[in-house]
file protein_5.cif (mmCIF, C-alpha atoms and all ligand atoms)
data_model
loop_
_atom_site.label_atom_id
_atom_site.label_comp_id
_atom_site.auth_asym_id
_atom_site.auth_seq_id
_atom_site.Cartn_x
_atom_site.Cartn_y
_atom_site.Cartn_z
CA MET A 1 -14.62 -8.15 -12.32
CA HIS A 2 -13.52 -4.52 -12.04
CA ALA A 3 -15.56 -2.58 -9.44
CA PHE A 4 -15.66 0.63 -11.51
CA ARG A 5 -17.64 -0.02 -14.68
CA PRO A 6 -20.29 1.75 -16.70
CA ASN A 7 -23.97 1.05 -16.33
CA GLY A 8 -25.64 2.72 -19.27
CA HIS A 9 -24.42 6.30 -19.40
CA GLU A 10 -22.93 6.38 -15.94
CA LEU A 11 -19.83 5.02 -14.29
CA THR A 12 -20.65 3.01 -11.17
CA CYS A 13 -18.89 1.32 -8.29
CA ASP A 14 -20.39 -2.15 -7.96
CA GLY A 15 -23.56 -0.80 -9.56
CA VAL A 16 -23.83 2.28 -7.31
CA GLY A 17 -23.84 5.49 -9.37
CA LEU A 18 -20.77 7.66 -8.81
CA ALA A 19 -22.53 10.86 -9.94
CA GLY A 20 -24.92 10.58 -7.00
CA ILE A 21 -22.05 10.13 -4.55
CA ALA A 22 -20.22 13.14 -5.99
CA ALA A 23 -23.38 15.26 -5.88
CA SER A 24 -24.02 14.34 -2.28
CA VAL A 25 -20.50 14.34 -0.77
CA GLY A 26 -18.80 16.77 -3.13
CA THR A 27 -15.36 16.30 -4.69
CA PRO A 28 -12.53 15.39 -4.40
CA THR A 29 -13.69 12.11 -2.89
CA TYR A 30 -12.19 8.65 -2.81
CA VAL A 31 -14.65 5.79 -3.35
CA TYR A 32 -13.83 2.21 -2.33
CA SER A 33 -15.43 -1.11 -3.21
CA ALA A 34 -15.75 -3.39 -0.18
CA ALA A 35 -16.53 -6.31 -2.50
CA THR A 36 -13.21 -5.83 -4.31
CA LEU A 37 -11.27 -5.65 -1.05
CA ARG A 38 -12.82 -8.93 0.06
CA GLU A 39 -12.31 -10.56 -3.29
CA ARG A 40 -8.61 -9.58 -3.41
CA ILE A 41 -7.92 -10.99 0.07
CA GLU A 42 -9.84 -14.18 -0.68
CA THR A 43 -8.09 -14.71 -4.02
CA LEU A 44 -4.68 -14.29 -2.44
CA HIS A 45 -5.56 -16.67 0.39
CA ALA A 46 -6.81 -19.22 -2.11
CA GLY A 47 -3.58 -18.86 -4.10
CA PHE A 48 -1.51 -20.05 -1.14
CA GLY A 49 -3.87 -23.00 -0.72
CA ASP A 50 -3.14 -25.13 2.32
CA TYR A 51 0.53 -24.13 2.54
CA PRO A 52 1.03 -22.48 5.98
CA HIS A 53 0.83 -18.76 5.30
CA ALA A 54 -0.37 -15.40 6.61
CA LEU A 55 -1.42 -12.31 4.67
CA HIS A 56 -0.28 -9.17 6.44
CA TYR A 57 -1.86 -6.34 4.46
CA ALA A 58 0.56 -3.37 4.23
CA LEU A 59 -1.34 -0.59 5.98
CA LYS A 60 0.79 2.08 4.34
CA ALA A 61 -1.16 1.56 1.11
CA ASN A 62 -4.40 2.69 2.74
CA SER A 63 -5.13 2.71 6.45
CA ASN A 64 -8.62 4.21 6.42
CA LEU A 65 -10.31 2.47 9.36
CA ALA A 66 -13.25 1.25 7.29
CA VAL A 67 -10.92 -0.21 4.65
CA VAL A 68 -8.88 -1.93 7.35
CA ARG A 69 -12.00 -3.33 9.02
CA VAL A 70 -13.20 -4.87 5.75
CA ILE A 71 -9.78 -6.43 5.23
CA ARG A 72 -9.80 -7.77 8.79
CA ALA A 73 -13.23 -9.33 8.36
CA ALA A 74 -12.00 -10.95 5.13
CA GLY A 75 -9.13 -12.64 6.96
CA GLY A 76 -6.24 -10.25 6.31
CA LEU A 77 -3.72 -9.51 9.08
CA VAL A 78 -1.54 -6.37 8.99
CA ASP A 79 1.94 -4.98 8.41
CA ALA A 80 2.39 -1.65 10.21
CA ASN A 81 5.13 0.74 9.22
CA SER A 82 4.87 3.18 12.11
CA GLY A 83 3.48 3.63 15.59
CA GLY A 84 0.51 5.39 14.03
CA GLU A 85 -0.28 2.39 11.87
CA ILE A 86 0.01 0.07 14.89
CA GLU A 87 -2.61 2.18 16.68
CA VAL A 88 -4.89 2.12 13.62
CA ALA A 89 -4.60 -1.68 13.53
CA LEU A 90 -5.56 -1.94 17.21
CA ARG A 91 -8.44 0.50 16.67
CA ALA A 92 -9.64 -1.63 13.75
CA GLY A 93 -9.83 -4.64 16.07
CA TYR A 94 -6.54 -6.43 15.48
CA ALA A 95 -4.68 -8.16 18.31
CA PRO A 96 -0.94 -7.48 18.71
CA SER A 97 -0.29 -11.04 17.50
CA ASP A 98 -1.87 -10.05 14.13
CA ILE A 99 0.68 -7.28 13.56
CA VAL A 100 4.15 -7.34 12.05
CA PHE A 101 6.00 -4.07 12.56
CA THR A 102 8.30 -2.99 9.76
CA GLY A 103 10.02 0.34 9.17
CA VAL A 104 13.43 1.68 8.39
CA GLY A 105 13.52 4.26 11.18
CA LYS A 106 11.73 3.06 14.29
CA THR A 107 11.78 5.60 17.09
CA PRO A 108 12.43 4.64 20.73
CA ALA A 109 8.74 5.26 21.49
CA GLU A 110 7.65 3.01 18.62
CA ILE A 111 10.00 0.24 19.72
CA ASP A 112 8.72 0.53 23.29
CA ARG A 113 5.12 0.30 22.17
CA ALA A 114 5.72 -2.70 19.90
CA VAL A 115 7.68 -4.49 22.63
CA THR A 116 5.13 -3.90 25.37
CA LEU A 117 2.23 -4.86 23.11
CA GLY A 118 4.06 -8.02 22.07
CA VAL A 119 3.49 -7.81 18.32
CA LYS A 120 3.95 -10.98 16.25
CA ALA A 121 7.30 -9.80 14.89
CA ILE A 122 9.32 -6.65 14.79
CA ASN A 123 11.12 -6.68 11.47
CA ALA A 124 14.45 -5.22 12.53
CA GLU A 125 16.43 -3.19 10.03
CA SER A 126 19.92 -3.28 11.55
CA ALA A 127 22.14 -4.78 14.25
CA GLY A 128 21.78 -1.50 16.15
CA GLU A 129 18.03 -1.72 16.06
CA LEU A 130 18.09 -5.31 17.34
CA GLU A 131 20.22 -4.01 20.19
CA ARG A 132 17.70 -1.27 20.98
CA ILE A 133 14.78 -3.75 20.82
CA ALA A 134 16.64 -6.07 23.21
CA ALA A 135 17.32 -3.17 25.57
CA ALA A 136 13.65 -2.10 25.55
CA ALA A 137 12.54 -5.69 26.13
CA GLY A 138 14.97 -5.91 29.05
CA VAL A 139 13.56 -2.74 30.62
CA HIS A 140 10.00 -4.05 30.37
CA GLY A 141 10.86 -7.60 31.39
CA ARG A 142 9.67 -8.92 28.05
CA VAL A 143 10.97 -11.15 25.30
CA ALA A 144 10.50 -9.47 21.91
CA SER A 145 9.77 -11.52 18.79
CA VAL A 146 12.06 -10.27 16.07
CA ALA A 147 12.80 -10.97 12.44
CA LEU A 148 15.68 -9.50 10.48
CA ARG A 149 15.07 -7.59 7.26
CA VAL A 150 17.74 -8.54 4.77
CA ASN A 151 18.69 -6.69 1.65
CA PRO A 152 19.45 -9.33 -0.98
CA GLY A 153 20.93 -7.07 -3.67
CA ILE A 154 18.23 -7.99 -6.19
CA ALA A 155 16.76 -5.49 -8.65
CA SER A 156 12.96 -5.32 -8.61
CA GLU A 157 12.78 -4.10 -12.23
CA SER A 158 10.21 -1.52 -11.03
CA HIS A 159 10.34 2.29 -10.70
CA PRO A 160 13.59 3.40 -8.99
CA HIS A 161 11.69 5.29 -6.26
CA ILE A 162 9.90 2.14 -5.16
CA SER A 163 12.78 -0.33 -5.49
CA THR A 164 14.28 -1.33 -2.17
CA GLY A 165 16.43 -4.44 -2.61
CA MET A 166 19.79 -3.15 -3.87
CA ASP A 167 22.80 -2.32 -1.74
CA SER A 168 22.42 1.39 -2.53
CA HIS A 169 19.02 1.29 -0.79
CA LYS A 170 18.66 2.09 2.90
CA PHE A 171 16.57 -0.98 3.74
CA GLY A 172 17.62 -3.94 5.87
CA VAL A 173 21.08 -5.43 6.35
CA PRO A 174 23.17 -6.75 3.45
CA ILE A 175 22.40 -10.43 3.16
CA ALA A 176 26.10 -11.27 3.35
CA THR A 177 26.27 -9.94 6.91
CA ALA A 178 22.90 -11.29 8.06
CA ARG A 179 24.19 -14.62 9.38
CA THR A 180 26.50 -12.91 11.86
CA VAL A 181 23.86 -10.38 12.88
CA VAL A 182 21.30 -13.13 13.55
CA ARG A 183 23.78 -15.32 15.41
CA GLU A 184 24.45 -12.46 17.82
CA ALA A 185 20.79 -11.46 18.16
CA SER A 186 19.61 -15.00 18.78
CA ALA A 187 22.00 -15.29 21.71
CA ARG A 188 20.16 -12.46 23.50
CA PRO A 189 17.66 -13.74 26.08
CA GLU A 190 15.45 -10.67 25.50
CA LEU A 191 14.94 -11.62 21.85
CA ASP A 192 13.02 -14.49 20.30
CA PHE A 193 14.32 -14.75 16.77
CA VAL A 194 11.39 -15.86 14.64
CA GLY A 195 12.14 -15.13 11.02
CA LEU A 196 13.63 -13.36 8.06
CA HIS A 197 12.09 -10.50 6.15
CA VAL A 198 12.71 -9.25 2.63
CA HIS A 199 10.91 -6.68 0.46
CA ILE A 200 12.63 -5.67 -2.76
CA GLY A 201 10.15 -3.30 -4.36
CA SER A 202 6.62 -2.39 -5.31
CA GLN A 203 4.49 -2.49 -8.47
CA MET A 204 6.46 -5.50 -9.70
CA LEU A 205 5.25 -6.99 -12.94
CA GLY A 206 7.51 -10.04 -13.11
CA LEU A 207 7.81 -12.94 -10.69
CA GLU A 208 11.48 -13.68 -11.25
CA PRO A 209 12.89 -11.04 -8.84
CA LEU A 210 10.40 -12.21 -6.18
CA ARG A 211 11.48 -15.82 -6.71
CA ARG A 212 15.13 -14.87 -6.42
CA ALA A 213 14.54 -12.90 -3.22
CA ALA A 214 12.60 -15.83 -1.76
CA ALA A 215 15.37 -18.25 -2.70
CA ALA A 216 17.94 -15.99 -1.04
CA VAL A 217 16.12 -16.01 2.31
CA VAL A 218 15.38 -19.75 2.08
CA ALA A 219 19.12 -20.36 1.69
CA LEU A 220 19.91 -18.02 4.59
CA ALA A 221 17.32 -19.75 6.80
CA GLN A 222 19.07 -23.05 6.12
CA GLU A 223 22.43 -21.56 7.13
CA LEU A 224 20.84 -20.25 10.32
CA ARG A 225 19.42 -23.67 11.10
CA ASP A 226 22.90 -25.09 10.63
CA ASP A 227 23.98 -22.55 13.27
CA GLY A 228 21.25 -23.85 15.59
CA VAL A 229 18.98 -20.81 15.15
CA ARG A 230 15.28 -21.66 15.09
CA VAL A 231 13.56 -19.82 12.23
CA THR A 232 9.79 -20.17 12.02
CA HIS A 233 8.71 -17.91 9.19
CA LEU A 234 9.87 -16.14 6.06
CA ASP A 235 8.23 -12.78 5.41
CA LEU A 236 8.58 -12.03 1.71
CA GLY A 237 7.12 -8.51 1.83
CA GLY A 238 4.72 -7.09 -0.74
CA GLY A 239 5.35 -5.91 -4.25
CA LEU A 240 2.84 -7.57 -6.57
CA GLY A 241 1.80 -5.00 -9.19
CA ILE A 242 -1.58 -4.17 -10.68
CA PRO A 243 -2.43 -3.17 -14.26
CA TYR A 244 -2.79 0.63 -14.31
CA GLU A 245 -2.77 0.87 -18.12
CA ASP A 246 -2.27 -2.22 -20.24
CA GLU A 247 0.48 -3.97 -18.29
CA THR A 248 0.38 -7.73 -17.99
CA VAL A 249 0.49 -8.65 -14.33
CA PRO A 250 0.83 -12.15 -12.89
CA PRO A 251 -2.47 -13.32 -11.39
CA ALA A 252 -2.54 -13.71 -7.60
CA ALA A 253 -2.58 -17.50 -8.00
CA ALA A 254 0.61 -17.50 -10.07
CA TYR A 255 2.28 -15.12 -7.61
CA ALA A 256 1.38 -17.30 -4.64
CA ALA A 257 2.34 -20.50 -6.42
CA ALA A 258 5.76 -19.07 -7.33
CA LEU A 259 6.49 -18.18 -3.70
CA VAL A 260 5.18 -21.48 -2.31
CA ASP A 261 7.31 -23.32 -4.84
CA VAL A 262 10.49 -21.74 -3.53
CA VAL A 263 9.63 -21.82 0.19
CA LYS A 264 8.02 -25.27 0.40
CA PRO A 265 11.23 -27.33 0.72
CA SER A 266 12.08 -25.29 3.87
CA GLY A 267 8.71 -26.07 5.44
CA LEU A 268 8.69 -22.55 6.89
CA THR A 269 5.51 -20.50 7.27
CA LEU A 270 5.22 -17.95 4.49
CA ILE A 271 4.17 -14.39 5.23
CA VAL A 272 3.42 -11.79 2.56
CA GLU A 273 2.66 -8.09 2.96
CA PRO A 274 0.61 -7.09 -0.09
CA GLY A 275 -0.63 -3.50 -0.19
CA ARG A 276 -1.34 -2.30 -3.70
CA ALA A 277 -2.61 -5.65 -4.98
CA VAL A 278 -5.30 -5.64 -2.28
CA VAL A 279 -6.50 -2.06 -2.31
CA GLY A 280 -5.28 -0.43 -5.55
CA PRO A 281 -8.08 -1.56 -7.88
CA ALA A 282 -10.66 -1.14 -5.08
CA GLY A 283 -10.51 2.66 -5.11
CA ALA A 284 -11.14 5.62 -7.42
CA LEU A 285 -10.77 9.35 -6.89
CA LEU A 286 -13.73 11.47 -7.98
CA ALA A 287 -12.88 15.01 -9.04
CA SER A 288 -14.80 17.84 -10.70
CA VAL A 289 -13.75 19.83 -13.73
CA VAL A 290 -13.21 23.46 -12.66
CA ASP A 291 -11.85 24.88 -15.92
CA VAL A 292 -11.38 23.94 -19.56
CA LYS A 293 -9.05 26.05 -21.65
CA PRO A 294 -7.22 25.81 -24.94
CA ARG A 295 -3.70 24.47 -25.00
CA ALA A 296 -1.06 25.09 -27.66
CA GLY A 297 -1.33 22.40 -30.29
CA GLY A 298 -5.09 22.56 -30.58
CA THR A 299 -5.95 20.40 -27.60
CA ARG A 300 -7.12 21.60 -24.16
CA PHE A 301 -6.31 21.66 -20.48
CA VAL A 302 -8.96 20.16 -18.25
CA VAL A 303 -8.36 21.48 -14.74
CA LEU A 304 -9.71 19.44 -11.82
CA ASP A 305 -10.41 20.31 -8.20
CA ALA A 306 -8.08 17.44 -7.21
CA GLY A 307 -4.36 17.59 -7.71
CA MET A 308 -1.11 16.20 -6.40
CA SER A 309 -2.33 17.07 -2.92
CA GLU A 310 -5.05 14.40 -3.25
CA LEU A 311 -3.22 11.89 -5.50
CA LEU A 312 0.54 12.31 -5.59
CA ARG A 313 1.52 9.27 -7.66
CA PRO A 314 1.49 10.87 -11.14
CA ALA A 315 3.56 13.88 -9.98
CA LEU A 316 5.98 11.81 -7.90
CA TYR A 317 6.54 8.76 -10.10
CA GLY A 318 5.08 9.77 -13.46
CA ALA A 319 2.49 7.11 -12.64
CA PHE A 320 -0.31 6.38 -15.09
CA HIS A 321 -3.94 6.27 -13.90
CA ARG A 322 -6.89 5.84 -16.23
CA ILE A 323 -9.31 8.77 -16.17
CA GLU A 324 -12.96 8.31 -17.08
CA ALA A 325 -16.00 10.53 -17.29
CA VAL A 326 -18.56 9.65 -14.63
CA ALA A 327 -21.64 10.81 -16.56
CA GLU A 328 -22.22 12.02 -20.13
CA ARG A 329 -19.89 9.27 -21.30
CA ASN A 330 -21.16 9.18 -24.86
CA GLY A 331 -20.01 12.66 -25.97
CA THR A 332 -17.50 13.00 -28.79
CA PRO A 333 -14.04 12.25 -27.39
CA VAL A 334 -11.54 15.10 -27.43
CA THR A 335 -7.86 15.18 -26.53
CA CYS A 336 -6.93 16.87 -23.29
CA ASP A 337 -4.26 17.25 -20.64
CA VAL A 338 -5.94 16.52 -17.32
CA VAL A 339 -4.29 18.62 -14.63
CA GLY A 340 -4.73 19.63 -11.00
CA PRO A 341 -5.07 23.11 -9.49
CA ILE A 342 -1.77 23.11 -7.56
CA CYS A 343 0.96 25.63 -8.40
CA GLU A 344 3.40 23.05 -9.73
CA SER A 345 3.97 22.07 -13.34
CA SER A 346 4.23 18.44 -12.23
CA ASP A 347 0.61 18.58 -11.08
CA VAL A 348 -0.61 16.62 -14.09
CA PHE A 349 -2.80 13.50 -14.06
CA GLY A 350 -2.62 12.68 -17.75
CA VAL A 351 -1.29 14.13 -21.00
CA GLY A 352 -3.04 13.66 -24.33
CA ARG A 353 -5.96 11.76 -22.81
CA SER A 354 -9.19 11.20 -24.65
CA LEU A 355 -12.35 12.20 -22.77
CA PRO A 356 -15.90 12.89 -23.95
CA ALA A 357 -15.90 16.72 -24.25
CA PRO A 358 -15.47 17.67 -20.59
CA ARG A 359 -17.35 20.73 -19.39
CA VAL A 360 -16.97 22.70 -16.17
CA GLY A 361 -18.85 20.91 -13.41
CA ALA A 362 -18.49 17.44 -14.95
CA VAL A 363 -17.14 14.71 -12.67
CA VAL A 364 -14.32 12.36 -13.63
CA ALA A 365 -13.00 9.26 -11.91
CA ILE A 366 -9.29 8.58 -11.62
CA LEU A 367 -9.07 4.81 -11.41
CA ASP A 368 -6.92 2.35 -9.46
CA ALA A 369 -6.32 4.97 -6.81
CA GLY A 370 -7.10 2.88 -3.74
CA ALA A 371 -3.43 2.29 -2.89
CA TYR A 372 -1.09 5.15 -1.98
CA GLY A 373 -3.83 7.64 -2.88
CA ALA A 374 -5.62 8.95 0.22
CA ALA A 375 -2.71 7.59 2.27
CA MET A 376 -0.33 10.05 0.61
CA ALA A 377 -2.69 13.04 0.47
CA SER A 378 -1.53 16.30 2.00
CA ASN A 379 -2.72 19.78 2.86
CA TYR A 380 -0.51 21.36 0.20
CA ASN A 381 -2.01 24.66 -0.99
CA ARG A 382 -4.31 24.28 2.06
CA HIS A 383 -6.39 21.65 0.37
CA ALA A 384 -8.59 19.74 2.79
CA LEU A 385 -7.86 16.03 3.11
CA PRO A 386 -10.50 14.49 0.83
CA ALA A 387 -13.66 12.65 1.83
CA GLU A 388 -13.71 8.86 1.52
CA VAL A 389 -16.73 6.67 0.77
CA MET A 390 -17.25 2.91 1.05
CA VAL A 391 -19.61 1.13 -1.32
CA ASP A 392 -20.88 -2.13 0.13
CA ALA A 393 -23.77 -4.36 -0.88
CA GLY A 394 -25.46 -1.79 -3.08
CA ALA A 395 -25.25 1.05 -0.53
CA TRP A 396 -22.61 3.67 0.25
CA ARG A 397 -21.49 5.57 3.32
CA VAL A 398 -18.93 8.24 4.17
CA VAL A 399 -15.99 6.59 5.94
CA ARG A 400 -13.98 9.77 6.27
CA ARG A 401 -15.66 13.12 6.08
CA ARG A 402 -13.91 15.97 4.33
CA GLN A 403 -11.52 17.86 6.61
CA THR A 404 -12.51 21.41 7.49
CA LEU A 405 -10.21 24.43 7.47
CA ASP A 406 -10.70 24.76 11.24
CA GLU A 407 -9.38 21.22 11.64
CA GLN A 408 -6.31 22.16 9.62
CA LEU A 409 -5.70 25.26 11.70
CA VAL A 410 -6.47 23.90 15.13
CA CYS A 411 -2.85 22.85 15.66
CA GLU A 412 -1.62 26.33 14.75
CA GLU A 413 -3.86 28.59 16.84
N1 LIG A 501 6.15 -4.37 2.87
C1 LIG A 501 7.09 -3.41 2.94
C2 LIG A 501 8.19 -3.57 3.89
C3 LIG A 501 6.99 -2.28 2.13
O1 LIG A 501 7.92 -1.34 2.19
C4 LIG A 501 5.90 -2.14 1.24
C5 LIG A 501 5.75 -0.95 0.39
C6 LIG A 501 4.93 -3.17 1.21
C7 LIG A 501 5.09 -4.28 2.03
C8 LIG A 501 3.74 -3.11 0.31
O2 LIG A 501 4.12 -3.14 -1.02
P1 LIG A 501 3.03 -3.29 -2.19
O3 LIG A 501 2.41 -4.66 -2.07
O4 LIG A 501 2.01 -2.25 -2.01
O5 LIG A 501 3.83 -3.14 -3.42
N2 LIG A 501 3.98 5.03 -2.77
C9 LIG A 501 4.41 4.09 -3.79
C10 LIG A 501 4.61 2.71 -3.24
C11 LIG A 501 5.55 2.65 -2.07
C12 LIG A 501 5.71 1.26 -1.53
C13 LIG A 501 6.44 1.28 -0.24
N3 LIG A 501 6.57 0.03 0.38
C14 LIG A 501 3.43 4.13 -4.94
O6 LIG A 501 2.48 4.90 -4.89
O7 LIG A 501 3.61 3.41 -5.93
#
call {"tool": "encode", "arguments": {"input": "protein_5.cif", "output": "C-alpha cells"}}
result
Amino acid sequence: MHAFRPNGHELTCDGVGLAGIAASVGTPTYVYSAATLRERIETLHAGFGDYPHALHYALKANSNLAVVRVIRAAGGLVDANSGGEIEVALRAGYAPSDIVFTGVGKTPAEIDRAVTLGVKAINAESAGELERIAAAAGVHGRVASVALRVNPGIASESHPHISTGMDSHKFGVPIATARTVVREASARPELDFVGLHVHIGSQMLGLEPLRRAAAAVVALAQELRDDGVRVTHLDLGGGLGIPYEDETVPPAAAYAAALVDVVKPSGLTLIVEPGRAVVGPAGALLASVVDVKPRAGGTRFVVLDAGMSELLRPALYGAFHRIEAVAERNGTPVTCDVVGPICESSDVFGVGRSLPAPRVGAVVAILDAGAYGAAMASNYNRHALPAEVMVDAGAWRVVRRRQTLDEQLVCEE
C-alpha cells in the first residue's frame, strides 16, 4: 500500500499527519516512510527466492544515514558510487564486505580507500582503472576483489539522460573487448577477479532490455570460464522503474524472476543494485505555497518555497511527480502551474495540474520523491539543504535538520 494516503481531510504518511510535521519542522522538508523502505527490500528479496543473490541498494538514490540504517536492518547491502558514499555506508554500520564500489571516475584516493578496506568488489570501468587498482593493491600488499563493468550496447528505452548501456555512453568497457581485458586482469596477482557488472539505465519500465543485458553477461561469463577465469557473481545493476504517473511497471517479483531465469543456468550469484525502486515511493517533499497569481489563459501560478534546488528531477529530466494538497483537500479543484522560487524558467514542478484552490500558506506534498530528491539537492540561490523526517511505527523524527546559513558560509569565511 502507498505510504502517502489521505486520512479524512489530511494527507498522511503511514497514518501520521503531514500538516503537523510541516507545522513543526517547517518546509521544504522530505518525509520518508520506514515501513515502505522495509517492505520494498523484503519484496525484492522474496522475488529472488532461494536463488543465491544479494541486494546492494544504490546509495546514490538517497544516502541519508537514517534511510540507509533502515535498509541495512531490512537486509539490504550497498552499492557506493564515491568515497563519500563508502564512508556513509561504514557510518551506517556496514562492513567492507557489504559494499560494492562502482563509479565512472574513481580518484586515486578512492581506489586506495576501497583497496585498503577490502570491499566486496570494485566494479572497474576500464583496463586503465584495473591497472591502477592492481598498483594500489601492490603498494598496500593486498589483493583487490574486482569486477569489470561492461557496456553491452543495449538501449534501456528510458530517458536519454539516465541511459547508460550504449557505446556512446561513458560507462564500462565495450563488451566486445571485455574478454581480453579480463584475461589480462585475471593474470595479475594483486587482483582477484570476481565478477561482471552491467547497468544499462534507470527508470526502466520494460524487462526486455534487462533480460538482454543479463544474457549478454551470462554469455561473457561462459567465455571467461572457457578461458579458465573463475567468475563468482554477475552484478546486473539497478534500473527498475516506479510509477510516477500512470505508467505500468513490472512488479518486483516479475523483475526478479526475469533475471533469475536468465542467470540460473550459469549458477552464478546474482547481485542487483536497486535505488529508485527501494526509496522512490518511500519519500515525499513537503513545500508551502508562497504566492498564487494569475497566469495567461485564465489559470494560475502556484509558487512554492521548494524549487529545483530541493527537487531537481522535473527541471533536469522533465520528470513527472504527483502533487497533492496536504490539508483542505476537499476544496474545488482549480488548474495551476506549480512552480518553484528559483530564477530559472525550468523551475517548474507541474503544468496544468489540478489542486483544490491553493492559498498562500497551504502545504503540498510532491510524491515519489524519495529517490534522487534530497540526494540531488543543492544550495542554488542560497537555499538551505532541506530538513528530512522519518516516519516509523506511528511516530516521526527529524533525521536531518535544516541547514543554516552559517553552515553554508563556514567554508567561505
Ligand atoms: N547501479 C549503477 C551503476 C547506477 O549507475 C545506478 C543509477 C543504479 C545502480 C541505481 O539505479 P536505479 O535502480 O535507481 O534506477 N538522477 C536520475 C537517476 C540517475 C541514475 C544513475 N544511476 C533520476 O533522478 O532519475
call {"tool": "closest_residue", "arguments": {"input": "protein_5.cif", "among": "A:Leu224, A:Ile342, A:Leu385, A:Leu44", "to": "A:Glu407", "atoms": "only C-alpha atoms"}}
result
A:Leu385
call {"tool": "residues_near_ligand", "arguments": {"input": "protein_5.cif", "ligand": "ligand LIG 501 (chain A)", "cutoff": "6 Å", "atoms": "all atoms listed in the file", "output": "ChimeraX atom specification"}}
result
/A:58,61,102,162,199,202-203,237-240,273-277,313,372
call {"tool": "residues_around", "arguments": {"input": "protein_5.cif", "residues": "A:Asp50", "least_positions_apart": "3", "cutoff": "12 Å", "atoms": "all atoms listed in the file", "output": "VMD selection string"}}
result
chain A and resid 44 to 47 53 to 54 256 to 257 260 264 269 to 270
call {"tool": "residues_near_point", "arguments": {"input": "protein_5.cif", "point": "(-9.4, 11.1, -21.5)", "cutoff": "12 Å", "atoms": "all atoms listed in the file", "output": "PyMOL selection string"}}
result
chain A and resi 299-302+321-326+329+331-339+349-358+364-367
call {"tool": "write_last_selection", "arguments": {"input": "protein_5.cif", "atoms": "C-alpha atoms", "output": "PDB file, in the frame of the given file"}}
result
ATOM      1  CA  THR A 299      -5.950  20.400 -27.600  1.00  0.00           C
ATOM      2  CA  ARG A 300      -7.120  21.600 -24.160  1.00  0.00           C
ATOM      3  CA  PHE A 301      -6.310  21.660 -20.480  1.00  0.00           C
ATOM      4  CA  VAL A 302      -8.960  20.160 -18.250  1.00  0.00           C
ATOM      5  CA  HIS A 321      -3.940   6.270 -13.900  1.00  0.00           C
ATOM      6  CA  ARG A 322      -6.890   5.840 -16.230  1.00  0.00           C
ATOM      7  CA  ILE A 323      -9.310   8.770 -16.170  1.00  0.00           C
ATOM      8  CA  GLU A 324     -12.960   8.310 -17.080  1.00  0.00           C
ATOM      9  CA  ALA A 325     -16.000  10.530 -17.290  1.00  0.00           C
ATOM     10  CA  VAL A 326     -18.560   9.650 -14.630  1.00  0.00           C
ATOM     11  CA  ARG A 329     -19.890   9.270 -21.300  1.00  0.00           C
ATOM     12  CA  GLY A 331     -20.010  12.660 -25.970  1.00  0.00           C
ATOM     13  CA  THR A 332     -17.500  13.000 -28.790  1.00  0.00           C
ATOM     14  CA  PRO A 333     -14.040  12.250 -27.390  1.00  0.00           C
ATOM     15  CA  VAL A 334     -11.540  15.100 -27.430  1.00  0.00           C
ATOM     16  CA  THR A 335      -7.860  15.180 -26.530  1.00  0.00           C
ATOM     17  CA  CYS A 336      -6.930  16.870 -23.290  1.00  0.00           C
ATOM     18  CA  ASP A 337      -4.260  17.250 -20.640  1.00  0.00           C
ATOM     19  CA  VAL A 338      -5.940  16.520 -17.320  1.00  0.00           C
ATOM     20  CA  VAL A 339      -4.290  18.620 -14.630  1.00  0.00           C
ATOM     21  CA  PHE A 349      -2.800  13.500 -14.060  1.00  0.00           C
ATOM     22  CA  GLY A 350      -2.620  12.680 -17.750  1.00  0.00           C
ATOM     23  CA  VAL A 351      -1.290  14.130 -21.000  1.00  0.00           C
ATOM     24  CA  GLY A 352      -3.040  13.660 -24.330  1.00  0.00           C
ATOM     25  CA  ARG A 353      -5.960  11.760 -22.810  1.00  0.00           C
ATOM     26  CA  SER A 354      -9.190  11.200 -24.650  1.00  0.00           C
ATOM     27  CA  LEU A 355     -12.350  12.200 -22.770  1.00  0.00           C
ATOM     28  CA  PRO A 356     -15.900  12.890 -23.950  1.00  0.00           C
ATOM     29  CA  ALA A 357     -15.900  16.720 -24.250  1.00  0.00           C
ATOM     30  CA  PRO A 358     -15.470  17.670 -20.590  1.00  0.00           C
ATOM     31  CA  VAL A 364     -14.320  12.360 -13.630  1.00  0.00           C
ATOM     32  CA  ALA A 365     -13.000   9.260 -11.910  1.00  0.00           C
ATOM     33  CA  ILE A 366      -9.290   8.580 -11.620  1.00  0.00           C
ATOM     34  CA  LEU A 367      -9.070   4.810 -11.410  1.00  0.00           C
TER      35      LEU A 367
END
call {"tool": "residues_around", "arguments": {"input": "protein_5.cif", "residues": "A:Leu196", "least_positions_apart": "5", "cutoff": "9 Å", "atoms": "all atoms listed in the file", "output": "list in words"}}
result
Asn123, Val146, Ala147, Leu148, Arg149, Val150, Val217, Val218, Leu220, Ala221, Val231, Thr232, His233, Leu234, Asp235 and Leu236 of chain A
call {"tool": "write_last_selection", "arguments": {"input": "protein_5.cif", "atoms": "C-alpha atoms", "output": "short mmCIF file (atom, residue, chain, number, x, y, z; two decimals), in the frame of the given file"}}
result
data_model
loop_
_atom_site.label_atom_id
_atom_site.label_comp_id
_atom_site.auth_asym_id
_atom_site.auth_seq_id
_atom_site.Cartn_x
_atom_site.Cartn_y
_atom_site.Cartn_z
CA ASN A 123 11.12 -6.68 11.47
CA VAL A 146 12.06 -10.27 16.07
CA ALA A 147 12.80 -10.97 12.44
CA LEU A 148 15.68 -9.50 10.48
CA ARG A 149 15.07 -7.59 7.26
CA VAL A 150 17.74 -8.54 4.77
CA VAL A 217 16.12 -16.01 2.31
CA VAL A 218 15.38 -19.75 2.08
CA LEU A 220 19.91 -18.02 4.59
CA ALA A 221 17.32 -19.75 6.80
CA VAL A 231 13.56 -19.82 12.23
CA THR A 232 9.79 -20.17 12.02
CA HIS A 233 8.71 -17.91 9.19
CA LEU A 234 9.87 -16.14 6.06
CA ASP A 235 8.23 -12.78 5.41
CA LEU A 236 8.58 -12.03 1.71
#
call {"tool": "atom_distance", "arguments": {"input": "protein_5.cif", "atom1": "atom CA of A:Leu65", "atom2": "atom CA of A:Leu285"}}
result
17.7 Å
call {"tool": "residues_around", "arguments": {"input": "protein_5.cif", "residues": "A:Leu37", "least_positions_apart": "5", "cutoff": "10 Å", "atoms": "only C-alpha atoms", "output": "PyMOL selection string"}}
result
chain A and resi 3+32+42+67-68+70-71+74+277-283+370
